[in-house]
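What follows is data-v5.txt (compact mmCIF, C-alpha atoms).
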# COMPACT_ATOMS: atom_id res chain seq x y z
CA MET A 865 23.28 -19.82 -9.64
CA THR A 866 23.14 -22.31 -12.50
CA ARG A 867 24.61 -25.60 -11.36
CA LYS A 868 26.31 -27.99 -13.78
CA PRO A 869 25.17 -31.56 -13.19
CA ASP A 870 27.51 -34.45 -13.95
CA ASP A 871 27.26 -35.26 -17.66
CA ALA A 872 28.21 -38.90 -17.10
CA ALA A 873 24.62 -39.92 -16.37
CA PRO A 874 22.30 -37.51 -18.19
CA THR A 875 19.20 -39.69 -18.02
CA GLU A 876 19.53 -39.97 -14.24
CA CYS A 877 19.99 -36.22 -13.86
CA SER A 878 17.28 -35.04 -16.22
CA PHE A 879 14.45 -35.15 -13.67
CA GLU A 880 13.83 -35.01 -9.95
CA MET A 881 11.12 -36.99 -8.21
CA LEU A 882 10.02 -35.71 -4.81
CA ASN A 883 8.31 -37.82 -2.18
CA PRO A 884 7.50 -40.83 -4.41
CA GLY A 885 5.58 -42.53 -1.61
CA GLY A 886 3.38 -39.53 -0.85
CA SER A 887 -0.25 -40.07 0.17
CA PHE A 888 -1.82 -37.06 -1.60
CA PRO A 889 -4.26 -38.13 -4.38
CA GLY A 890 -2.96 -35.60 -6.91
CA LEU A 891 0.30 -35.74 -8.85
CA ILE A 892 2.18 -32.44 -9.25
CA VAL A 893 4.45 -31.94 -12.26
CA CYS A 894 6.78 -29.05 -13.00
CA ASP A 895 8.02 -28.91 -16.60
CA HIS A 896 10.33 -25.87 -16.29
CA ALA A 897 11.73 -26.16 -12.79
CA SER A 898 15.41 -25.52 -13.44
CA SER A 899 17.88 -23.26 -15.24
CA GLU A 900 20.61 -25.92 -15.24
CA VAL A 901 22.46 -26.84 -18.44
CA PRO A 902 24.84 -29.82 -18.69
CA ALA A 903 28.45 -28.67 -18.71
CA LYS A 904 29.18 -29.88 -22.24
CA TYR A 905 26.69 -27.33 -23.63
CA ARG A 906 28.56 -24.40 -22.05
CA ASN A 907 25.36 -22.64 -20.99
CA LEU A 908 24.21 -22.72 -24.64
CA GLY A 909 26.38 -19.64 -25.11
CA LEU A 910 24.38 -17.60 -22.60
CA ASP A 911 25.38 -16.00 -19.34
CA GLU A 912 23.71 -17.22 -16.17
CA ALA A 913 21.64 -14.04 -15.87
CA ASP A 914 19.83 -14.92 -19.10
CA LEU A 915 19.39 -18.56 -18.13
CA ASN A 916 17.74 -17.44 -14.90
CA LYS A 917 15.23 -15.22 -16.71
CA HIS A 918 11.78 -16.49 -17.64
CA VAL A 919 13.11 -17.75 -20.99
CA GLY A 920 15.26 -20.31 -19.17
CA ILE A 921 13.21 -21.26 -16.11
CA ASP A 922 9.73 -20.83 -14.64
CA ILE A 923 10.87 -18.42 -11.95
CA GLY A 924 9.89 -19.27 -8.38
CA ILE A 925 7.55 -22.18 -9.05
CA ALA A 926 9.93 -24.99 -8.03
CA ASP A 927 10.13 -23.57 -4.50
CA VAL A 928 6.33 -23.59 -4.34
CA VAL A 929 6.21 -27.20 -5.57
CA ARG A 930 8.69 -28.30 -2.90
CA THR A 931 6.62 -26.64 -0.20
CA LEU A 932 3.43 -28.25 -1.48
CA CYS A 933 5.06 -31.68 -1.43
CA ARG A 934 5.99 -31.26 2.22
CA ARG A 935 2.67 -29.84 3.34
CA LEU A 936 0.37 -32.12 1.35
CA ASP A 937 2.54 -35.26 1.41
CA ALA A 938 2.37 -35.13 -2.39
CA THR A 939 4.53 -36.67 -5.07
CA ALA A 940 6.01 -34.30 -7.66
CA VAL A 941 8.19 -34.72 -10.73
CA LEU A 942 10.36 -31.77 -11.80
CA THR A 943 12.67 -31.21 -14.74
CA ARG A 944 16.33 -30.69 -13.90
CA TYR A 945 17.44 -28.93 -17.09
CA SER A 946 16.55 -25.56 -18.57
CA ARG A 947 13.68 -25.31 -21.01
CA LEU A 948 16.20 -23.76 -23.43
CA LEU A 949 18.07 -27.06 -23.68
CA LEU A 950 14.76 -28.70 -24.58
CA ASP A 951 11.19 -27.84 -23.60
CA CYS A 952 9.60 -30.90 -22.01
CA ASN A 953 6.14 -29.38 -22.45
CA ARG A 954 6.31 -29.32 -26.28
CA TRP A 955 5.56 -32.06 -28.75
CA ILE A 956 8.75 -33.38 -30.32
CA GLU A 957 7.60 -32.19 -33.75
CA ASP A 958 6.93 -28.66 -32.44
CA PRO A 959 9.53 -26.18 -33.75
CA ARG A 960 9.47 -24.56 -30.30
CA LEU A 961 10.96 -27.70 -28.72
CA ILE A 962 14.46 -26.19 -29.01
CA LEU A 963 14.52 -22.42 -29.46
CA ALA A 964 17.25 -20.41 -31.14
CA GLU A 965 15.61 -17.21 -29.84
CA SER A 966 13.22 -16.56 -26.98
CA ASP A 967 11.64 -13.21 -26.11
CA GLY A 968 14.40 -11.36 -27.95
CA ILE A 969 17.27 -13.37 -26.43
CA LEU A 970 19.39 -15.28 -28.95
CA VAL A 971 20.52 -18.76 -27.88
CA PRO A 972 23.81 -19.46 -29.70
CA GLY A 973 23.94 -23.10 -28.63
CA ASN A 974 20.61 -23.72 -30.36
CA SER A 975 21.32 -21.82 -33.56
CA ASP A 976 22.13 -24.86 -35.69
CA VAL A 977 20.86 -27.97 -33.90
CA THR A 978 21.09 -31.06 -36.11
CA GLU A 979 18.55 -33.88 -36.08
CA THR A 980 21.16 -36.04 -34.40
CA GLU A 981 21.67 -33.50 -31.63
CA LYS A 982 17.91 -33.07 -31.25
CA THR A 983 17.50 -36.83 -30.89
CA GLN A 984 20.27 -36.95 -28.28
CA ARG A 985 18.58 -34.25 -26.20
CA VAL A 986 15.21 -35.96 -26.52
CA GLU A 987 16.65 -39.30 -25.37
CA ALA A 988 18.69 -37.76 -22.55
CA CYS A 989 16.15 -35.27 -21.19
CA PHE A 990 12.65 -35.50 -22.63
CA TRP A 991 11.77 -39.18 -22.33
CA PRO A 992 13.45 -39.79 -18.96
CA TYR A 993 11.38 -36.94 -17.48
CA HIS A 994 8.12 -38.17 -18.98
CA GLY A 995 9.00 -41.72 -18.04
CA ALA A 996 9.27 -40.56 -14.43
CA VAL A 997 5.90 -38.80 -14.68
CA SER A 998 4.36 -41.99 -16.09
CA GLU A 999 5.87 -44.06 -13.28
CA ALA A 1000 4.57 -41.69 -10.60
CA LEU A 1001 1.13 -41.63 -12.22
CA THR A 1002 1.00 -45.44 -12.49
CA ASN A 1003 1.73 -45.70 -8.78
CA LEU A 1004 -0.90 -43.08 -7.98
CA VAL A 1005 -3.57 -44.80 -10.08
CA ALA A 1006 -2.81 -48.13 -8.39
CA ARG A 1007 -3.39 -46.52 -4.99
CA GLU A 1008 -6.14 -43.95 -5.57
CA GLN A 1009 -9.62 -44.44 -7.01
CA HIS A 1010 -9.92 -40.81 -8.12
CA PRO A 1011 -6.47 -39.35 -8.85
CA PHE A 1012 -5.80 -36.05 -10.62
CA ILE A 1013 -2.86 -34.20 -12.16
CA VAL A 1014 -1.79 -30.58 -11.71
CA SER A 1015 1.02 -29.06 -13.76
CA LEU A 1016 2.51 -25.93 -12.16
CA HIS A 1017 4.25 -23.15 -14.09
CA SER A 1018 5.12 -19.49 -13.82
CA CYS A 1019 5.09 -16.97 -16.64
CA THR A 1020 6.27 -13.45 -17.28
CA ARG A 1021 3.92 -10.50 -16.78
CA ARG A 1022 5.15 -8.92 -20.01
CA LEU A 1023 6.05 -10.88 -23.14
CA GLY A 1024 7.35 -8.61 -25.88
CA GLN A 1025 4.78 -5.82 -26.08
CA GLU A 1026 2.03 -7.88 -24.44
CA LEU A 1027 1.12 -6.94 -20.86
CA ARG A 1028 -0.74 -9.76 -19.17
CA PRO A 1029 -3.37 -8.72 -16.62
CA TRP A 1030 -3.78 -12.15 -15.00
CA ASP A 1031 -2.23 -13.06 -11.67
CA ALA A 1032 -2.65 -16.72 -12.56
CA GLY A 1033 -4.41 -18.74 -15.21
CA THR A 1034 -5.30 -22.35 -15.86
CA ILE A 1035 -4.30 -24.50 -18.85
CA TRP A 1036 -6.61 -27.26 -20.06
CA HIS A 1037 -7.60 -29.11 -23.22
CA GLU A 1038 -9.70 -32.26 -22.92
CA SER A 1039 -11.90 -31.00 -20.07
CA ASN A 1040 -12.30 -27.82 -18.03
CA VAL A 1041 -13.62 -29.62 -14.94
CA LEU A 1042 -10.45 -29.51 -12.85
CA SER A 1043 -9.63 -26.04 -14.17
CA ASP A 1044 -13.01 -24.66 -13.11
CA ALA A 1045 -12.62 -26.18 -9.65
CA LEU A 1046 -9.10 -24.78 -9.24
CA ILE A 1047 -10.21 -21.30 -10.33
CA ALA A 1048 -13.11 -21.45 -7.87
CA ALA A 1049 -10.80 -22.53 -5.05
CA LEU A 1050 -8.23 -19.81 -5.78
CA ALA A 1051 -10.92 -17.13 -6.10
CA GLN A 1052 -11.76 -17.69 -2.45
CA ARG A 1053 -8.19 -17.02 -1.40
CA GLY A 1054 -7.33 -13.50 -2.40
CA ASP A 1055 -8.28 -10.67 -4.70
CA LEU A 1056 -6.84 -12.27 -7.84
CA LYS A 1057 -7.39 -11.80 -11.55
CA LEU A 1058 -7.64 -15.39 -12.76
CA GLY A 1059 -7.58 -16.55 -16.36
CA ASP A 1060 -9.27 -19.55 -17.96
CA ASN A 1061 -6.83 -20.96 -20.55
CA GLN A 1062 -4.93 -17.68 -20.16
CA PRO A 1063 -2.32 -16.41 -20.85
CA TYR A 1064 -1.65 -19.72 -22.63
CA SER A 1065 -4.31 -22.00 -24.03
CA GLY A 1066 -3.87 -25.72 -23.49
CA ILE A 1067 -5.85 -26.45 -26.65
CA GLY A 1068 -3.26 -27.71 -29.09
CA GLY A 1069 -0.25 -26.10 -27.49
CA THR A 1070 1.11 -28.23 -24.64
CA PHE A 1071 2.42 -31.78 -24.22
CA THR A 1072 2.54 -32.92 -20.62
CA ILE A 1073 -1.13 -32.73 -19.64
CA ASP A 1074 -2.38 -34.23 -22.90
CA TYR A 1075 0.21 -36.99 -23.07
CA HIS A 1076 -0.33 -38.22 -19.52
CA SER A 1077 -4.08 -37.70 -19.10
CA TRP A 1078 -5.89 -37.64 -22.45
CA SER A 1079 -8.58 -40.37 -22.62
CA THR A 1080 -7.47 -41.90 -19.31
CA GLY A 1081 -10.40 -40.47 -17.37
CA ILE A 1082 -8.02 -38.63 -15.05
CA PRO A 1083 -8.90 -34.94 -14.52
CA ALA A 1084 -5.91 -32.70 -15.24
CA CYS A 1085 -5.00 -29.07 -15.73
CA GLY A 1086 -2.08 -26.70 -15.53
CA LEU A 1087 -1.67 -23.43 -13.68
CA GLU A 1088 0.50 -20.46 -14.66
CA VAL A 1089 1.31 -18.02 -11.84
CA THR A 1090 2.68 -14.67 -12.99
CA ASN A 1091 6.29 -14.68 -11.88
CA ASP A 1092 6.37 -11.15 -10.45
CA LEU A 1093 4.20 -12.63 -7.68
CA LEU A 1094 6.87 -15.28 -7.01
CA ALA A 1095 9.95 -13.06 -7.14
CA THR A 1096 10.25 -12.75 -3.36
CA LEU A 1097 10.26 -15.22 -0.49
CA GLU A 1098 7.06 -13.59 0.77
CA GLY A 1099 5.35 -14.01 -2.59
CA ARG A 1100 6.33 -17.66 -2.87
CA SER A 1101 5.10 -18.22 0.68
CA GLU A 1102 1.74 -16.61 -0.13
CA TRP A 1103 1.27 -18.80 -3.20
CA SER A 1104 2.36 -21.89 -1.29
CA ASP A 1105 -0.32 -21.14 1.32
CA ARG A 1106 -2.92 -20.44 -1.36
CA LEU A 1107 -2.18 -23.59 -3.35
CA THR A 1108 -1.93 -25.79 -0.27
CA ASP A 1109 -5.51 -24.89 0.55
CA ALA A 1110 -6.76 -24.94 -3.06
CA LEU A 1111 -5.26 -28.34 -3.87
CA GLY A 1112 -6.63 -29.62 -0.58
CA ASP A 1113 -10.07 -28.57 -1.80
CA LEU A 1114 -9.56 -30.47 -5.05
CA ALA A 1115 -8.52 -33.57 -3.10
CA SER A 1116 -11.66 -33.39 -0.95
CA ALA A 1117 -13.84 -33.00 -4.05
CA ARG A 1118 -12.02 -35.46 -6.27
CA ALA A 1119 -14.80 -38.08 -6.57
CA GLY A 1120 -17.25 -35.47 -7.80
CA LEU A 1121 -14.66 -33.98 -10.13
CA TRP A 1122 -13.84 -37.41 -11.53
CA ASN A 1123 -17.52 -38.18 -12.18
CA LYS A 1124 -18.12 -34.82 -13.83
CA HIS A 1125 -14.97 -35.13 -15.97
CA ASN A 1126 -16.14 -38.53 -17.17
CA GLY A 1127 -19.79 -37.56 -17.63
CA ILE A 1128 -20.98 -39.82 -14.83
CA GLU A 1129 -24.25 -38.77 -13.21
CA ARG A 1130 -24.43 -39.98 -9.64
CA ALA A 1131 -26.31 -39.07 -6.52
CA SER A 1132 -23.04 -38.36 -4.80
CA SER A 1133 -22.08 -35.52 -2.53
CA PRO A 1134 -22.12 -32.19 -4.41
CA LEU A 1135 -18.83 -30.47 -5.19
CA HIS A 1136 -18.05 -28.13 -2.30
CA LEU A 1137 -14.98 -25.96 -2.11
CA SER A 1138 -14.49 -24.75 1.41
CA ALA A 1139 -12.77 -21.46 2.16
CA SER A 1140 -11.16 -22.80 5.31

I'd like the structure from this file rewritten - as structure tokens, please.
Amino acid sequence: MTRKPDDAAPTECSFEMLNPGGSFPGLIVCDHASSEVPAKYRNLGLDEADLNKHVGIDIGIADVVRTLCRRLDATAVLTRYSRLLLDCNRWIEDPRLILAESDGILVPGNSDVTETEKTQRVEACFWPYHGAVSEALTNLVAREQHPFIVSLHSCTRRLGQELRPWDAGTIWHESNVLSDALIAALAQRGDLKLGDNQPYSGIGGTFTIDYHSWSTGIPACGLEVTNDLLATLEGRSEWSDRLTDALGDLASARAGLWNKHNGIERASSPLHLSAS
């Protein structure tokens, strides 16, 4: 069900930070974790069934993120509003920031958004979320010598007439180092069809990873899991198990990943991704 958070404090409600004191060396972010819409927007003119489709939320991934936080003692930052209110993974100048139509579904509440309304949504939702990500990352960098960032998403198997063959795919722009390591770790944990910058390319098309990691030296990538694999409790449990192990591998290899990402040649331990 789509909950209606209190509109009295939108900046406080626009994100959720889990386990801010976690010891895990990687920060997890989740840009499309919720289908919630503040009450004053009246569900943007949609029924809750549409808001809970892939156009309104990355189905199933928030449950996986919560499980990972518990198991890995990781910090995560999640959005608390639907991507249809405003997409926190788009540049503000991107016309896809606020969509009037998504995968054939018209969004009446977005049909005639003024610049004033856009600015209000950006100030209430976009910057508070990214401010929380920045805060969590600052704390992580202060504590860890070799931190990394993983952005978790889910996506639909079919978009319009396009049938996507991938079970999951990475998203990266500045460097493919963390992406390659994550693909290698996942490949050891099931018969999966894995995409590299598929079904979405991170080159020129996303905000969160670039904004928080570009030129910082911090390895970062996203992962899209096809949401038909997260539609059931069993599926979410399987992906929680898989990602617990895979992200654990990245944590163990983080010094080597950091050096490779930054072009540092050292006689350090080779990157090893265990299947245990």

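In this model, the gap between CA of Leu1056 in chain A and CA of Lys1124 in chain A comes to 25.9 Å.
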
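Proximity to Arg944 in chain A was assessed for A:Asn1003, A:Ser899, A:Ser1039, A:Ser887 counting all atoms listed in the file; the smallest distance is recorded for A:Ser899.
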
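Rounded to one decimal, CA of Asn953 in chain A and CA of Ile1082 in chain A lie 18.5 Å from each other.
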
Nearest-residue call for Arg1028 in chain A, choices A:Ser1015, A:Asn974, A:Ser1043, A:Thr1090, using all atoms listed in the file
A:Thr1090

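For Val1089 in chain A, the non-local neighbours within 10 Å, defined as residues at least 3 positions apart in the same chain or in other chains and counting only C-alpha atoms, are Asp922, Ile923, Gly924, Ile925, Leu1016, His1017, Ser1018, Cys1019, Thr1020, Arg1021, Trp1030, Asp1031, Ala1032, Gly1033, Thr1034, Leu1058, Pro1063, Asp1092, Leu1093, Leu1094 and Trp1103 of chain A.
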